[in-house]
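So this one's target32.cif, mmCIF, C-alpha atoms and all ligand atoms:
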data_work
#
loop_
_atom_site.label_atom_id
_atom_site.label_comp_id
_atom_site.auth_asym_id
_atom_site.auth_seq_id
_atom_site.Cartn_x
_atom_site.Cartn_y
_atom_site.Cartn_z
CA MET I 217 -25.77 -1.08 14.49
CA THR I 218 -23.41 1.21 12.65
CA LYS I 219 -22.03 -0.01 9.39
CA PRO I 220 -18.33 -0.96 9.44
CA LEU I 221 -16.12 1.51 7.59
CA ARG I 222 -15.20 -0.09 4.29
CA PHE I 223 -11.43 0.34 4.46
CA LEU I 224 -11.22 -0.10 8.22
CA GLN I 225 -13.43 -3.07 8.91
CA HIS I 226 -10.61 -5.18 10.34
CA TYR I 227 -9.93 -2.66 13.08
CA SER I 228 -11.66 -2.49 16.46
CA PRO I 229 -15.10 -0.84 16.75
CA THR I 230 -13.53 1.72 19.13
CA LEU I 231 -10.99 2.76 16.56
CA GLN I 232 -13.63 2.84 13.82
CA ASP I 233 -15.80 5.05 16.02
CA LYS I 234 -12.93 7.47 16.47
CA ILE I 235 -12.54 7.76 12.69
CA ARG I 236 -16.29 8.00 12.20
CA GLN I 237 -16.34 10.95 14.62
CA LEU I 238 -13.60 12.73 12.70
CA GLN I 239 -15.52 12.01 9.49
CA ALA I 240 -18.71 13.49 10.95
CA GLN I 241 -16.78 16.63 11.92
CA ASP I 242 -15.18 16.79 8.49
CA LEU I 243 -11.73 16.40 10.03
CA LEU I 244 -10.32 13.41 8.16
CA GLY I 245 -8.42 15.65 5.77
CA ASP I 246 -6.83 17.48 8.70
CA TYR I 247 -5.93 14.20 10.38
CA ILE I 248 -4.00 13.16 7.27
CA THR I 249 -2.40 16.41 6.17
CA GLN I 250 -1.14 17.28 9.65
CA ARG I 251 0.64 13.94 9.90
CA TYR I 252 1.64 13.52 6.26
CA PRO I 253 2.17 16.90 4.64
CA GLN I 254 4.62 15.71 2.01
CA TYR I 255 3.45 14.25 -1.30
CA HIS I 256 5.97 12.36 -3.39
CA SER I 257 7.34 12.99 -6.85
CA ILE I 258 7.56 9.40 -8.09
CA GLN I 259 5.47 9.79 -11.21
CA THR I 260 6.84 7.35 -13.76
CA ASP I 261 7.06 3.57 -13.82
CA LYS I 262 10.82 3.89 -14.10
CA ALA I 263 11.03 6.00 -10.96
CA LEU I 264 8.66 3.61 -9.20
CA TYR I 265 10.82 0.65 -10.16
CA GLN I 266 13.95 2.38 -8.87
CA TYR I 267 12.28 3.37 -5.63
CA SER I 268 10.99 -0.17 -5.05
CA ASN I 269 14.22 -1.82 -6.03
CA GLU I 270 16.22 0.32 -3.60
CA ILE I 271 14.05 -0.89 -0.73
CA LYS I 272 14.28 -4.45 -1.98
CA GLN I 273 18.08 -4.31 -2.25
CA ALA I 274 18.36 -2.84 1.24
CA PHE I 275 16.18 -5.43 2.96
CA LEU I 276 15.45 -8.37 0.69
CA ARG I 277 18.61 -8.83 -1.26
CA ASN I 278 17.99 -12.55 -1.70
CA ALA I 279 14.43 -12.25 -2.95
CA PRO I 280 13.84 -12.82 -6.66
CA VAL I 281 14.72 -10.02 -9.06
CA LEU I 282 11.87 -7.65 -9.76
CA ASP I 283 11.01 -7.86 -13.42
CA ARG I 284 8.63 -4.98 -13.45
CA VAL I 285 7.03 -2.44 -11.14
CA GLN I 286 4.38 -0.15 -12.52
CA TYR I 287 1.43 2.07 -11.84
CA ASP I 288 -1.82 0.65 -13.11
CA ASN I 289 -4.76 2.93 -13.74
CA LYS I 290 -7.10 -0.03 -14.11
CA LEU I 291 -6.49 -1.04 -10.52
CA GLY I 292 -9.15 0.67 -8.50
CA ILE I 293 -8.78 1.26 -4.82
CA GLU I 294 -11.89 -0.84 -4.25
CA HIS I 295 -10.43 -4.29 -4.43
CA HIS I 296 -6.71 -3.85 -4.55
CA ALA I 297 -6.11 -0.91 -2.29
CA LEU I 298 -2.81 -2.45 -1.40
CA GLY I 299 -1.60 -3.20 -4.88
CA LEU I 300 -1.25 -6.38 -6.74
CA ASN I 301 1.65 -8.74 -6.78
CA THR I 302 1.76 -11.23 -9.54
CA ALA I 303 4.05 -14.00 -10.46
CA ILE I 304 3.20 -14.37 -14.11
CA SER I 305 4.32 -17.60 -15.65
CA ARG I 306 5.42 -17.34 -19.23
CA VAL I 307 6.94 -19.89 -21.50
CA GLN I 308 10.32 -18.67 -22.59
CA GLY I 309 12.47 -20.78 -24.85
CA GLY I 310 10.58 -23.90 -23.86
CA LYS I 311 10.99 -23.16 -20.15
CA LEU I 312 8.35 -21.89 -17.81
CA LYS I 313 9.63 -18.74 -16.21
CA ALA I 314 7.90 -16.88 -13.40
CA LYS I 315 8.08 -13.12 -13.73
CA LYS I 316 7.88 -11.00 -10.63
CA GLU I 317 5.72 -8.00 -11.23
CA ILE I 318 4.28 -5.46 -8.87
CA ARG I 319 1.44 -3.21 -9.88
CA ILE I 320 0.29 -0.29 -7.80
CA SER I 321 -2.89 1.63 -8.32
CA SER I 322 -2.32 4.94 -10.12
CA PHE I 323 -4.37 6.43 -7.31
CA PHE I 324 -1.12 6.48 -5.30
CA LYS I 325 0.70 8.66 -7.81
CA GLU I 326 -0.72 11.48 -5.77
CA SER I 327 -0.37 10.55 -2.15
CA PRO I 328 1.89 11.17 0.80
CA ILE I 329 5.25 9.45 0.33
CA GLU I 330 4.71 7.35 3.45
CA PHE I 331 1.68 5.60 1.96
CA LEU I 332 3.44 4.79 -1.28
CA ARG I 333 6.32 3.38 0.75
CA MET I 334 3.95 1.29 2.87
CA ILE I 335 2.32 -0.18 -0.23
CA VAL I 336 5.64 -0.93 -1.88
CA VAL I 337 6.84 -2.61 1.32
CA HIS I 338 3.62 -4.65 1.43
CA GLU I 339 4.08 -5.84 -2.14
CA LEU I 340 7.77 -6.57 -1.65
CA ALA I 341 6.97 -8.71 1.38
CA HIS I 342 4.79 -10.83 -0.90
CA LEU I 343 7.91 -11.79 -2.82
CA LYS I 344 8.75 -13.96 0.15
CA GLU I 345 5.47 -14.51 2.00
CA ARG I 346 2.30 -15.31 0.13
CA ASP I 347 -0.27 -14.95 2.91
CA HIS I 348 -1.06 -12.13 5.28
CA ASP I 349 0.22 -14.05 8.27
CA LYS I 350 2.56 -13.28 11.15
CA ALA I 351 5.71 -13.88 9.13
CA PHE I 352 4.40 -11.55 6.44
CA TYR I 353 3.79 -8.65 8.82
CA GLN I 354 7.12 -9.23 10.55
CA LEU I 355 8.80 -8.81 7.20
CA CYS I 356 6.81 -5.63 6.54
CA GLN I 357 7.93 -4.24 9.89
CA HIS I 358 11.50 -5.21 9.18
CA MET I 359 11.41 -2.97 6.09
CA GLU I 360 9.28 -0.26 7.66
CA PRO I 361 9.12 -0.15 11.49
CA HIS I 362 5.97 2.01 11.41
CA TYR I 363 4.22 -0.35 9.00
CA HIS I 364 1.11 -0.93 11.12
CA GLN I 365 0.52 2.73 11.86
CA LEU I 366 1.05 3.58 8.20
CA GLU I 367 -1.36 0.92 7.00
CA PHE I 368 -4.01 2.21 9.38
CA ASP I 369 -3.46 5.82 8.38
CA CYS I 370 -3.42 4.89 4.70
CA ARG I 371 -6.84 3.30 5.21
CA VAL I 372 -8.01 6.51 6.88
CA TYR I 373 -6.67 8.35 3.83
CA LEU I 374 -8.66 6.04 1.53
CA THR I 375 -11.75 6.63 3.64
CA TRP I 376 -11.27 10.38 3.29
CA LYS I 377 -10.56 10.25 -0.47
CA SER I 378 -13.36 7.89 -1.32
CA GLU I 379 -15.92 9.98 0.53
CA ALA I 380 -14.72 13.09 -1.30
CA LYS I 381 -15.62 11.40 -4.60
CA ILE I 382 -19.26 10.76 -3.66
ZN ZN P 401 -1.22 -8.37 0.41
#
Rewritten as structure tokens:
Amino acid sequence: MTKPLRFLQHYSPTLQDKIRQLQAQDLLGDYITQRYPQYHSIQTDKALYQYSNEIKQAFLRNAPVLDRVQYDNKLGIEHHALGLNTAISRVQGGKLKAKKEIRISSFFKESPIEFLRMIVVHELAHLKERDHDKAFYQLCQHMEPHYHQLEFDCRVYLTWKSEAKI
């Protein structure tokens, strides 16, 4: 039995085999760079907030205001490959106030723009849908029609990048 690919274990064995073949031929990098040649220039938390808020205002105008969006270099790609969305409750003036914060692994400071967008869309969808259910993915697709393809390819990208580190 072949081991499931860490970032792709929810995909079909056929699809995983296809990626494993590319990996064996050292072609994962080509697969990614041919499809996604353009890296992004969103390097600061301020720029990341603006970028995220523009998508939010275009598609989720009625969702809660984003208090903060930031890169987090303590977020590895191991556990939170797709970012972290937190509603932090703080007591403010005697009232409990939930703050909407999105944190994205600093790993994505250097990545194709499409993957950053996919992750931002994923985290924005969590403002309205908590679980990864049908309604959640419908919302993701509403914001980004190619969401599913991008999530798959982003996981291929993670597979490529994580193997390069070994
Ligand atoms: Zn999620």
Output the neighbourhood of ligand ZN 401 (chain P) as an NGL selection string, that is, all protein and nucleic acid residues with some atom at most 7 Å from the ligand, counting all atoms listed in the file.
-> :I and (298 or 338-339 or 342 or 348)
With only C-alpha atoms as the basis for distance, which of I:Ala341, I:Met334, I:Ala351, I:Ala263 is at the shortest distance from I:Leu366?
->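 Closest residue, counting only C-alpha atoms: I:Met334.
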May I have the residues at most 12 Å from (-14.8, 9.0, 1.6) in the file's coordinates, counting only C-alpha atoms, as a VMD selection string?
-> chain I and resid 221 to 224 235 to 236 238 to 240 242 to 245 293 to 294 371 to 382
Fewer than 5 positions away in the same chain doesn't count, so skip those; otherwise give me all residues within 8 Å of I:Met359, counting only C-alpha atoms, as a ChimeraX atom specification.
-> /I:271,275,337
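Closest to I:Tyr247 among I:Leu291, I:Cys370, I:Leu332, I:Leu355 is I:Cys370, based on all atoms listed in the file.
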Minimum-distance residue to I:Gln365, chosen among I:Asp246, I:Arg251, I:Ser327, I:Asn269 (using all atoms listed in the file) =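 Among the listed residues, I:Arg251 lies closest to I:Gln365.
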Reconstructed N, CA, C and O atoms for stretch 253-264 of chain I, given as a PDB file, in the frame of the given file:
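rebuild.pdb, written as the output of this step:
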ATOM      1  N   PRO I 253       2.291  15.720   5.509  1.00  0.00           N
ATOM      2  CA  PRO I 253       2.170  16.900   4.640  1.00  0.00           C
ATOM      3  C   PRO I 253       2.870  16.749   3.289  1.00  0.00           C
ATOM      4  O   PRO I 253       2.600  17.498   2.366  1.00  0.00           O
ATOM      5  N   GLN I 254       3.740  15.764   3.179  1.00  0.00           N
ATOM      6  CA  GLN I 254       4.620  15.710   2.010  1.00  0.00           C
ATOM      7  C   GLN I 254       4.167  14.686   0.965  1.00  0.00           C
ATOM      8  O   GLN I 254       4.203  13.490   1.218  1.00  0.00           O
ATOM      9  N   TYR I 255       3.769  15.178  -0.200  1.00  0.00           N
ATOM     10  CA  TYR I 255       3.450  14.250  -1.300  1.00  0.00           C
ATOM     11  C   TYR I 255       4.756  13.883  -2.003  1.00  0.00           C
ATOM     12  O   TYR I 255       5.767  14.538  -1.838  1.00  0.00           O
ATOM     13  N   HIS I 256       4.729  12.821  -2.755  1.00  0.00           N
ATOM     14  CA  HIS I 256       5.970  12.360  -3.390  1.00  0.00           C
ATOM     15  C   HIS I 256       6.015  12.770  -4.859  1.00  0.00           C
ATOM     16  O   HIS I 256       5.026  13.223  -5.426  1.00  0.00           O
ATOM     17  N   SER I 257       7.186  12.577  -5.456  1.00  0.00           N
ATOM     18  CA  SER I 257       7.340  12.990  -6.850  1.00  0.00           C
ATOM     19  C   SER I 257       7.650  11.798  -7.758  1.00  0.00           C
ATOM     20  O   SER I 257       8.230  11.945  -8.829  1.00  0.00           O
ATOM     21  N   ILE I 258       7.276  10.604  -7.299  1.00  0.00           N
ATOM     22  CA  ILE I 258       7.560   9.400  -8.090  1.00  0.00           C
ATOM     23  C   ILE I 258       6.408   9.194  -9.076  1.00  0.00           C
ATOM     24  O   ILE I 258       5.384   8.607  -8.737  1.00  0.00           O
ATOM     25  N   GLN I 259       6.593   9.707 -10.280  1.00  0.00           N
ATOM     26  CA  GLN I 259       5.470   9.790 -11.210  1.00  0.00           C
ATOM     27  C   GLN I 259       5.564   8.821 -12.389  1.00  0.00           C
ATOM     28  O   GLN I 259       4.587   8.616 -13.095  1.00  0.00           O
ATOM     29  N   THR I 260       6.730   8.255 -12.611  1.00  0.00           N
ATOM     30  CA  THR I 260       6.840   7.350 -13.760  1.00  0.00           C
ATOM     31  C   THR I 260       7.086   5.923 -13.272  1.00  0.00           C
ATOM     32  O   THR I 260       7.520   5.696 -12.139  1.00  0.00           O
ATOM     33  N   ASP I 261       6.826   4.968 -14.173  1.00  0.00           N
ATOM     34  CA  ASP I 261       7.060   3.570 -13.820  1.00  0.00           C
ATOM     35  C   ASP I 261       8.542   3.320 -13.571  1.00  0.00           C
ATOM     36  O   ASP I 261       8.905   2.511 -12.729  1.00  0.00           O
ATOM     37  N   LYS I 262       9.376   4.043 -14.291  1.00  0.00           N
ATOM     38  CA  LYS I 262      10.820   3.890 -14.100  1.00  0.00           C
ATOM     39  C   LYS I 262      11.228   4.343 -12.693  1.00  0.00           C
ATOM     40  O   LYS I 262      11.978   3.653 -11.998  1.00  0.00           O
ATOM     41  N   ALA I 263      10.717   5.488 -12.295  1.00  0.00           N
ATOM     42  CA  ALA I 263      11.030   6.000 -10.960  1.00  0.00           C
ATOM     43  C   ALA I 263      10.458   5.072  -9.883  1.00  0.00           C
ATOM     44  O   ALA I 263      11.089   4.836  -8.843  1.00  0.00           O
ATOM     45  N   LEU I 264       9.289   4.523 -10.162  1.00  0.00           N
ATOM     46  CA  LEU I 264       8.660   3.610  -9.200  1.00  0.00           C
ATOM     47  C   LEU I 264       9.473   2.320  -9.065  1.00  0.00           C
ATOM     48  O   LEU I 264       9.656   1.794  -7.962  1.00  0.00           O
TER      49      LEU I 264
END
